[in-house]
Amino acid sequence: MPLEGSARIVSELTSHGYNVEREAVTLIASADDSRAVLEGVLEEMPEDALVVETDLVRSVRDEVRATVHSSGVPTNSSRDDEPDSSPQQTAESEPQHPSVSTGDSTPKSVENSGGSPPETKGSSTGSAAGFERAIDTAKRELEIVGDMTGQSTGTGEYRDFVTVFRDRLDRLGSKLRGRVNHRPASAIQSMPGGSEVGMVGLVNDIRSTASGHWLVELEDATGTFPWLVMKDREYADLVEELLCDEALAMEGTLSDDAGIAFVDSMYFPDVPRTHQPSTADRHVQAALISDVHVGSQEFMEDAWNAFTDWLHTEAAQHVEYLLIAGDMVEGVGIYPNQDEELDIVDIYEQYEAFNEYLKQVPGDMEIVMIPGNHDAVRLAEPQPGFDERLRGIMSAHDARIVSNPSMVTVEGVSVLMYHGVSLDEVIAELPEEKASYGEPHKAMYQLLKKRHVAPQFGGHTRLAPEKKDYLVIDEVPDIFHTGHVHKLGFGKYHNVLAINSGCWQAQTDFQKSVNIDPDSGYAPIVDLDTLDVTVQKFS
């Protein structure tokens, strides 16, 4: 039987300790009997050789072809003649994902509101049918902004927390002060009753009154001041969206005794409605995935193999970037009794296995990765990129390994990558119609509105105090990419494309116990020239 694509050829050759020229892989993959050619190459390799060269493959291929023809034995059929082993799932058969198509079909855009040695680069050739990716890497542009790896200075002392919250208020407050006639809390406290006032601060407390109104306490560097939101005002519903520690601006009128202000208007830092996203100058695509979870017994190896095989086909010829939003491995000790669900129990062996799977990706693709809460980095956010030992293990493709979160600019398109732990908190705190696991992109809208990826301190999301708040969304991204919740969802908020990309892990016993039904084996593909999305399904 023929090999299952070029990635398998590279994998088998590297398992024998050989590097391989790209054209050599193409010749093996396109041979009538690729298995016989590969076995012949392994037999003919000189003892001191390290690289499988094209000339040797060509010679072996010709010998195999001559042997077959002289014996009259028919060659094996190519993979394209074999029945498709992946389940066919189209938009018609899965109405809950109107943008999903099978991984075997040609993508259809659907708009929704020092170099490494060859074995570490993966294969850049095409399928067993002989397709070869023709990529002009000179046209590529990739820039990382906001990577805080190696920049951590926090010690966990009280002054560190004061510093990070002041930085948050200064930066987000600058986006709000132009909308209100801002006065510091200390100045408002000395103003006479009936005065018109405005304030920018962080939400210190939210509580309801006996009459059903809302009392929101704002805090700035000078003190705190209470604001009363009447339950019958049209913006009272916005109080349900508030989280403690987020930046907010309010305008209103002081009570007669000047002890409280009655709210007339409320403002979030928000993404401007006039935001116009940037797009690439050519037709090029990026695959956005997350939560691979190698090492778990439920890691979907077949789906991953189908995905990487698809990347070598003509249908994926424009996919030049792969952005992975955390949780490359399952990790160890993440939740109770996790060891009972592990296929690989050593954390370093998990990353070694992940690196082998990464080698199946075409070698001409640019890869950017950030860590997640299952990865071997600190849990507190922002999370720096992996240490040198893990970077050495994950050497395939010379992937860019950056912090969580980070902004990645791909051919002019800015992509904010954040693993997404705070989505759990947003979904728990807000009404279901505004944030839910069924529509994770709506929870992402809330983070864009607040211009912060993890605004609430002291909850389930662990936050590390730094001199700078790396979790503030300073610049509006064109794409916001998260993972973590293992659900697929995407849409546009003020022209920002928000994508939560699902996972590559089937439902675990732990997930069953907490009622998580994952969307597994999906790969959202974004056209960077239009920001249209197609979701390929491989499970």
# chains A, B, ... in the order shown; residues from 1 in each chain; ligands from 1
$ residues_around --residues "Ala287 (chain A)" --least-positions-apart "3" --cutoff "9 Å" --atoms "only C-alpha atoms" --output "short mmCIF file (atom, residue, chain, number, x, y, z; two decimals) with N, CA and C atoms, in the first residue's frame"
data_model
loop_
_atom_site.label_atom_id
_atom_site.label_comp_id
_atom_site.auth_asym_id
_atom_site.auth_seq_id
_atom_site.Cartn_x
_atom_site.Cartn_y
_atom_site.Cartn_z
N VAL A 319 -2.78 28.23 2.32
CA VAL A 319 -2.63 28.27 3.77
C VAL A 319 -1.14 28.32 4.10
N GLU A 320 -0.65 29.49 4.45
CA GLU A 320 0.78 29.68 4.67
C GLU A 320 1.13 29.95 6.13
N TYR A 321 0.10 30.13 6.97
CA TYR A 321 0.34 30.43 8.38
C TYR A 321 -0.51 29.51 9.25
N LEU A 322 0.07 29.08 10.37
CA LEU A 322 -0.64 28.28 11.36
C LEU A 322 -0.47 28.96 12.71
N LEU A 323 -1.57 29.41 13.31
CA LEU A 323 -1.55 30.10 14.60
C LEU A 323 -2.21 29.21 15.64
N ILE A 324 -1.46 28.81 16.66
CA ILE A 324 -1.94 27.86 17.67
C ILE A 324 -2.09 28.60 19.00
N ALA A 523 -10.81 23.13 11.94
CA ALA A 523 -9.74 24.08 11.64
C ALA A 523 -10.31 25.28 10.91
N PRO A 524 -10.56 26.40 11.61
CA PRO A 524 -10.99 27.62 10.91
C PRO A 524 -9.86 28.15 10.02
N ILE A 525 -10.21 28.44 8.78
CA ILE A 525 -9.26 28.97 7.80
C ILE A 525 -9.72 30.39 7.44
N VAL A 526 -8.83 31.36 7.64
CA VAL A 526 -9.17 32.76 7.39
C VAL A 526 -8.47 33.24 6.12
#
$ residues_around --residues "Glu21 (chain A)" --least-positions-apart "4" --cutoff "8 Å" --atoms "only C-alpha atoms" --output "mmCIF file with C-alpha atoms, in the first residue's frame"
data_model
loop_
_atom_site.group_PDB
_atom_site.id
_atom_site.type_symbol
_atom_site.label_atom_id
_atom_site.label_comp_id
_atom_site.auth_asym_id
_atom_site.auth_seq_id
_atom_site.Cartn_x
_atom_site.Cartn_y
_atom_site.Cartn_z
ATOM 1 C CA VAL A 25 10.010 13.556 -0.803
ATOM 2 C CA VAL A 51 20.605 13.331 4.003
ATOM 3 C CA VAL A 52 18.344 11.471 1.581
ATOM 4 C CA GLU A 53 19.265 13.069 -1.732
ATOM 5 C CA THR A 54 17.109 13.436 -4.815
ATOM 6 C CA PRO A 118 14.933 19.251 6.869
#
$ residues_around --residues "Leu218 (chain A)" --least-positions-apart "2" --cutoff "9 Å" --atoms "only C-alpha atoms" --output "PyMOL selection string"
chain A and resi 185+199-205+216+220+223-227+247-250
$ write_last_selection --atoms "N, CA and C atoms" --output "PDB file, in the first residue's frame"
ATOM      1  N   ALA A 185     -12.061  61.331  41.796  1.00  0.00           N
ATOM      2  CA  ALA A 185     -13.015  61.062  42.881  1.00  0.00           C
ATOM      3  C   ALA A 185     -12.899  62.090  43.993  1.00  0.00           C
ATOM      4  N   MET A 199     -16.755  60.827  35.655  1.00  0.00           N
ATOM      5  CA  MET A 199     -15.610  60.168  36.293  1.00  0.00           C
ATOM      6  C   MET A 199     -15.174  58.970  35.472  1.00  0.00           C
ATOM      7  N   VAL A 200     -13.873  58.748  35.438  1.00  0.00           N
ATOM      8  CA  VAL A 200     -13.282  57.548  34.833  1.00  0.00           C
ATOM      9  C   VAL A 200     -12.587  56.773  35.935  1.00  0.00           C
ATOM     10  N   GLY A 201     -12.892  55.488  36.043  1.00  0.00           N
ATOM     11  CA  GLY A 201     -12.262  54.688  37.084  1.00  0.00           C
ATOM     12  C   GLY A 201     -12.389  53.212  36.805  1.00  0.00           C
ATOM     13  N   LEU A 202     -11.900  52.413  37.736  1.00  0.00           N
ATOM     14  CA  LEU A 202     -12.060  50.961  37.686  1.00  0.00           C
ATOM     15  C   LEU A 202     -13.242  50.581  38.567  1.00  0.00           C
ATOM     16  N   VAL A 203     -14.002  49.593  38.135  1.00  0.00           N
ATOM     17  CA  VAL A 203     -15.171  49.157  38.899  1.00  0.00           C
ATOM     18  C   VAL A 203     -14.684  48.472  40.172  1.00  0.00           C
ATOM     19  N   ASN A 204     -14.995  49.078  41.311  1.00  0.00           N
ATOM     20  CA  ASN A 204     -14.550  48.545  42.607  1.00  0.00           C
ATOM     21  C   ASN A 204     -15.591  47.627  43.227  1.00  0.00           C
ATOM     22  N   ASP A 205     -16.871  47.913  42.954  1.00  0.00           N
ATOM     23  CA  ASP A 205     -17.940  47.099  43.553  1.00  0.00           C
ATOM     24  C   ASP A 205     -19.223  47.295  42.757  1.00  0.00           C
ATOM     25  N   VAL A 216     -22.944  51.225  41.652  1.00  0.00           N
ATOM     26  CA  VAL A 216     -21.628  50.890  41.089  1.00  0.00           C
ATOM     27  C   VAL A 216     -20.605  51.845  41.681  1.00  0.00           C
ATOM     28  N   ASP A 220     -10.491  55.523  41.438  1.00  0.00           N
ATOM     29  CA  ASP A 220      -9.318  56.001  40.698  1.00  0.00           C
ATOM     30  C   ASP A 220      -8.173  56.194  41.683  1.00  0.00           C
ATOM     31  N   GLY A 223      -9.296  57.945  45.104  1.00  0.00           N
ATOM     32  CA  GLY A 223     -10.320  57.432  46.007  1.00  0.00           C
ATOM     33  C   GLY A 223     -11.454  56.764  45.258  1.00  0.00           C
ATOM     34  N   THR A 224     -12.602  56.583  45.923  1.00  0.00           N
ATOM     35  CA  THR A 224     -13.765  55.932  45.327  1.00  0.00           C
ATOM     36  C   THR A 224     -14.972  56.862  45.394  1.00  0.00           C
ATOM     37  N   PHE A 225     -15.947  56.587  44.508  1.00  0.00           N
ATOM     38  CA  PHE A 225     -17.197  57.345  44.552  1.00  0.00           C
ATOM     39  C   PHE A 225     -18.327  56.454  44.038  1.00  0.00           C
ATOM     40  N   PRO A 226     -19.513  56.493  44.717  1.00  0.00           N
ATOM     41  CA  PRO A 226     -20.636  55.631  44.323  1.00  0.00           C
ATOM     42  C   PRO A 226     -21.522  56.278  43.249  1.00  0.00           C
ATOM     43  N   TRP A 227     -21.971  55.440  42.320  1.00  0.00           N
ATOM     44  CA  TRP A 227     -22.859  55.870  41.248  1.00  0.00           C
ATOM     45  C   TRP A 227     -24.102  54.986  41.244  1.00  0.00           C
ATOM     46  N   ALA A 247     -12.290  49.012  33.373  1.00  0.00           N
ATOM     47  CA  ALA A 247     -12.310  50.473  33.266  1.00  0.00           C
ATOM     48  C   ALA A 247     -13.654  50.935  32.723  1.00  0.00           C
ATOM     49  N   LEU A 248     -14.156  52.028  33.267  1.00  0.00           N
ATOM     50  CA  LEU A 248     -15.488  52.509  32.921  1.00  0.00           C
ATOM     51  C   LEU A 248     -15.544  54.017  33.100  1.00  0.00           C
ATOM     52  N   ALA A 249     -16.394  54.675  32.323  1.00  0.00           N
ATOM     53  CA  ALA A 249     -16.651  56.107  32.503  1.00  0.00           C
ATOM     54  C   ALA A 249     -18.141  56.306  32.733  1.00  0.00           C
ATOM     55  N   MET A 250     -18.479  57.204  33.666  1.00  0.00           N
ATOM     56  CA  MET A 250     -19.882  57.513  33.946  1.00  0.00           C
ATOM     57  C   MET A 250     -20.070  59.020  34.019  1.00  0.00           C
TER      58      MET A 250
END
$ residues_around --residues "Ala24 (chain A)" --least-positions-apart "2" --cutoff "9 Å" --atoms "only C-alpha atoms" --output "list in words"
Val20, Glu21, Arg22, Thr26, Leu27, Ile28, Ala29, Val52, Glu53, Thr54, Asp55, Leu56, Val57 and Arg58 of chain A
$ atom_distance --atom1 "CA of Ala31 (chain A)" --atom2 "CA of Val64 (chain A)"
9.3 Å
$ residues_around --residues "region 269-277 of chain A" --least-positions-apart "6" --cutoff "6 Å" --atoms "only C-alpha atoms" --output "PDB file with C-alpha atoms, in the first residue's frame"
ATOM      1  CA  LYS A 175      -9.585  56.097  25.803  1.00  0.00           C
ATOM      2  CA  LEU A 176     -12.443  57.307  28.023  1.00  0.00           C
ATOM      3  CA  LYS A 449     -15.726  45.938  24.584  1.00  0.00           C
ATOM      4  CA  LYS A 450     -13.729  46.169  27.804  1.00  0.00           C
ATOM      5  CA  ARG A 451     -10.429  46.355  25.861  1.00  0.00           C
ATOM      6  CA  ASP A 478      -8.282  42.814  13.048  1.00  0.00           C
ATOM      7  CA  HIS A 494     -17.395  46.244  15.196  1.00  0.00           C
TER       8      HIS A 494
END
$ closest_atom_pairs --of "region 303-349 of chain A" --to "region 131-149 of chain A" --cutoff "10 Å" --atoms "only C-alpha atoms" --output "JSON lines"
{"residue": "A:Leu311", "atom": "CA", "partner": "A:Arg133", "partner_atom": "CA", "distance": 9.4}
{"residue": "A:His312", "atom": "CA", "partner": "A:Arg133", "partner_atom": "CA", "distance": 7.2}
{"residue": "A:Thr313", "atom": "CA", "partner": "A:Phe131", "partner_atom": "CA", "distance": 6.5}
{"residue": "A:Glu314", "atom": "CA", "partner": "A:Phe131", "partner_atom": "CA", "distance": 6.5}
{"residue": "A:Ala316", "atom": "CA", "partner": "A:Arg133", "partner_atom": "CA", "distance": 8.8}
{"residue": "A:Gln317", "atom": "CA", "partner": "A:Arg133", "partner_atom": "CA", "distance": 5.9}
{"residue": "A:His318", "atom": "CA", "partner": "A:Ile135", "partner_atom": "CA", "distance": 8.2}
{"residue": "A:Val319", "atom": "CA", "partner": "A:Ile135", "partner_atom": "CA", "distance": 9.7}
{"residue": "A:Glu320", "atom": "CA", "partner": "A:Ile135", "partner_atom": "CA", "distance": 7.9}
{"residue": "A:Tyr321", "atom": "CA", "partner": "A:Leu142", "partner_atom": "CA", "distance": 9.5}
$ closest_residue --among "A:Leu215, A:Leu416, A:Val472, A:Val496" --to "Tyr445 (chain A)" --atoms "only C-alpha atoms"
A:Val496
$ residues_around --residues "region 291-294 of chain A" --least-positions-apart "3" --cutoff "6 Å" --atoms "only C-alpha atoms" --output "list in words"
Phe299, Gly326, Asp327, Met328, Val329, Glu330, Phe354, Cys503 and Trp504 of chain A
$ write_last_selection --atoms "N, CA and C atoms" --output "short mmCIF file (atom, residue, chain, number, x, y, z; two decimals), in the first residue's frame"
data_model
loop_
_atom_site.label_atom_id
_atom_site.label_comp_id
_atom_site.auth_asym_id
_atom_site.auth_seq_id
_atom_site.Cartn_x
_atom_site.Cartn_y
_atom_site.Cartn_z
N PHE A 299 -6.75 12.52 22.77
CA PHE A 299 -6.18 13.28 21.65
C PHE A 299 -6.61 12.61 20.34
N GLY A 326 -2.53 27.91 22.20
CA GLY A 326 -2.30 27.32 23.51
C GLY A 326 -2.78 25.89 23.69
N ASP A 327 -2.32 25.30 24.80
CA ASP A 327 -2.60 23.90 25.17
C ASP A 327 -2.13 22.94 24.09
N MET A 328 -0.84 22.99 23.80
CA MET A 328 -0.26 22.03 22.87
C MET A 328 -0.33 20.62 23.42
N VAL A 329 -0.19 20.48 24.74
CA VAL A 329 -0.21 19.16 25.37
C VAL A 329 -1.28 19.13 26.46
N GLU A 330 -1.54 17.93 26.96
CA GLU A 330 -2.55 17.75 27.99
C GLU A 330 -2.04 18.19 29.36
N PHE A 354 4.25 15.99 20.69
CA PHE A 354 3.66 17.11 19.97
C PHE A 354 4.57 17.58 18.84
N CYS A 503 -11.11 22.40 19.40
CA CYS A 503 -10.02 21.63 19.97
C CYS A 503 -9.74 20.38 19.14
N TRP A 504 -8.75 19.60 19.59
CA TRP A 504 -8.36 18.33 18.94
C TRP A 504 -8.38 17.21 19.97
#
$ select_by_dssp --residues "region 446-525 of chain A" --states "alpha helix (DSSP H)" --output "PyMOL selection string"
chain A and resi 446-450+509-513
$ write_last_selection --atoms "N, CA and C atoms" --output "PDB file, in the first residue's frame"
ATOM      1  N   GLN A 446     -17.281  40.691  24.637  1.00  0.00           N
ATOM      2  CA  GLN A 446     -17.234  41.426  25.895  1.00  0.00           C
ATOM      3  C   GLN A 446     -15.810  41.874  26.221  1.00  0.00           C
ATOM      4  N   LEU A 447     -14.842  41.014  25.949  1.00  0.00           N
ATOM      5  CA  LEU A 447     -13.445  41.384  26.210  1.00  0.00           C
ATOM      6  C   LEU A 447     -13.004  42.511  25.286  1.00  0.00           C
ATOM      7  N   LEU A 448     -13.460  42.471  24.040  1.00  0.00           N
ATOM      8  CA  LEU A 448     -13.157  43.570  23.118  1.00  0.00           C
ATOM      9  C   LEU A 448     -13.797  44.865  23.596  1.00  0.00           C
ATOM     10  N   LYS A 449     -15.010  44.761  24.087  1.00  0.00           N
ATOM     11  CA  LYS A 449     -15.726  45.938  24.584  1.00  0.00           C
ATOM     12  C   LYS A 449     -15.000  46.557  25.775  1.00  0.00           C
ATOM     13  N   LYS A 450     -14.434  45.702  26.615  1.00  0.00           N
ATOM     14  CA  LYS A 450     -13.729  46.169  27.804  1.00  0.00           C
ATOM     15  C   LYS A 450     -12.272  46.500  27.510  1.00  0.00           C
ATOM     16  N   ASP A 509     -13.601  12.127  30.510  1.00  0.00           N
ATOM     17  CA  ASP A 509     -14.512  11.857  31.623  1.00  0.00           C
ATOM     18  C   ASP A 509     -14.698  13.103  32.478  1.00  0.00           C
ATOM     19  N   PHE A 510     -13.614  13.869  32.644  1.00  0.00           N
ATOM     20  CA  PHE A 510     -13.730  15.102  33.419  1.00  0.00           C
ATOM     21  C   PHE A 510     -14.684  16.078  32.736  1.00  0.00           C
ATOM     22  N   GLN A 511     -14.584  16.190  31.416  1.00  0.00           N
ATOM     23  CA  GLN A 511     -15.470  17.098  30.688  1.00  0.00           C
ATOM     24  C   GLN A 511     -16.925  16.642  30.803  1.00  0.00           C
ATOM     25  N   LYS A 512     -17.137  15.335  30.786  1.00  0.00           N
ATOM     26  CA  LYS A 512     -18.495  14.828  30.975  1.00  0.00           C
ATOM     27  C   LYS A 512     -19.028  15.243  32.341  1.00  0.00           C
ATOM     28  N   SER A 513     -18.166  15.200  33.360  1.00  0.00           N
ATOM     29  CA  SER A 513     -18.611  15.511  34.719  1.00  0.00           C
ATOM     30  C   SER A 513     -18.996  16.978  34.874  1.00  0.00           C
TER      31      SER A 513
END
$ atom_distance --atom1 "CA of Glu341 (chain A)" --atom2 "CA of Ala396 (chain A)"
26.7 Å
$ residues_around --residues "His486 (chain A)" --least-positions-apart "4" --cutoff "9 Å" --atoms "only C-alpha atoms" --output "PyMOL selection string"
chain A and resi 290-291+437+500-505+516-520
$ closest_residue --among "A:Val402, A:Ala221, A:Leu169, A:Leu238" --to "Pro431 (chain A)" --atoms "only C-alpha atoms"
A:Leu238
$ select_by_dssp --residues "region 202-305 of chain A" --states "strand (DSSP E)" --output "number ranges by chain"
A: 202-208, 214-220, 223-229, 247-254, 261-267, 285-289
$ atom_distance --atom1 "CA of His283 (chain A)" --atom2 "CA of Val408 (chain A)"
18.3 Å
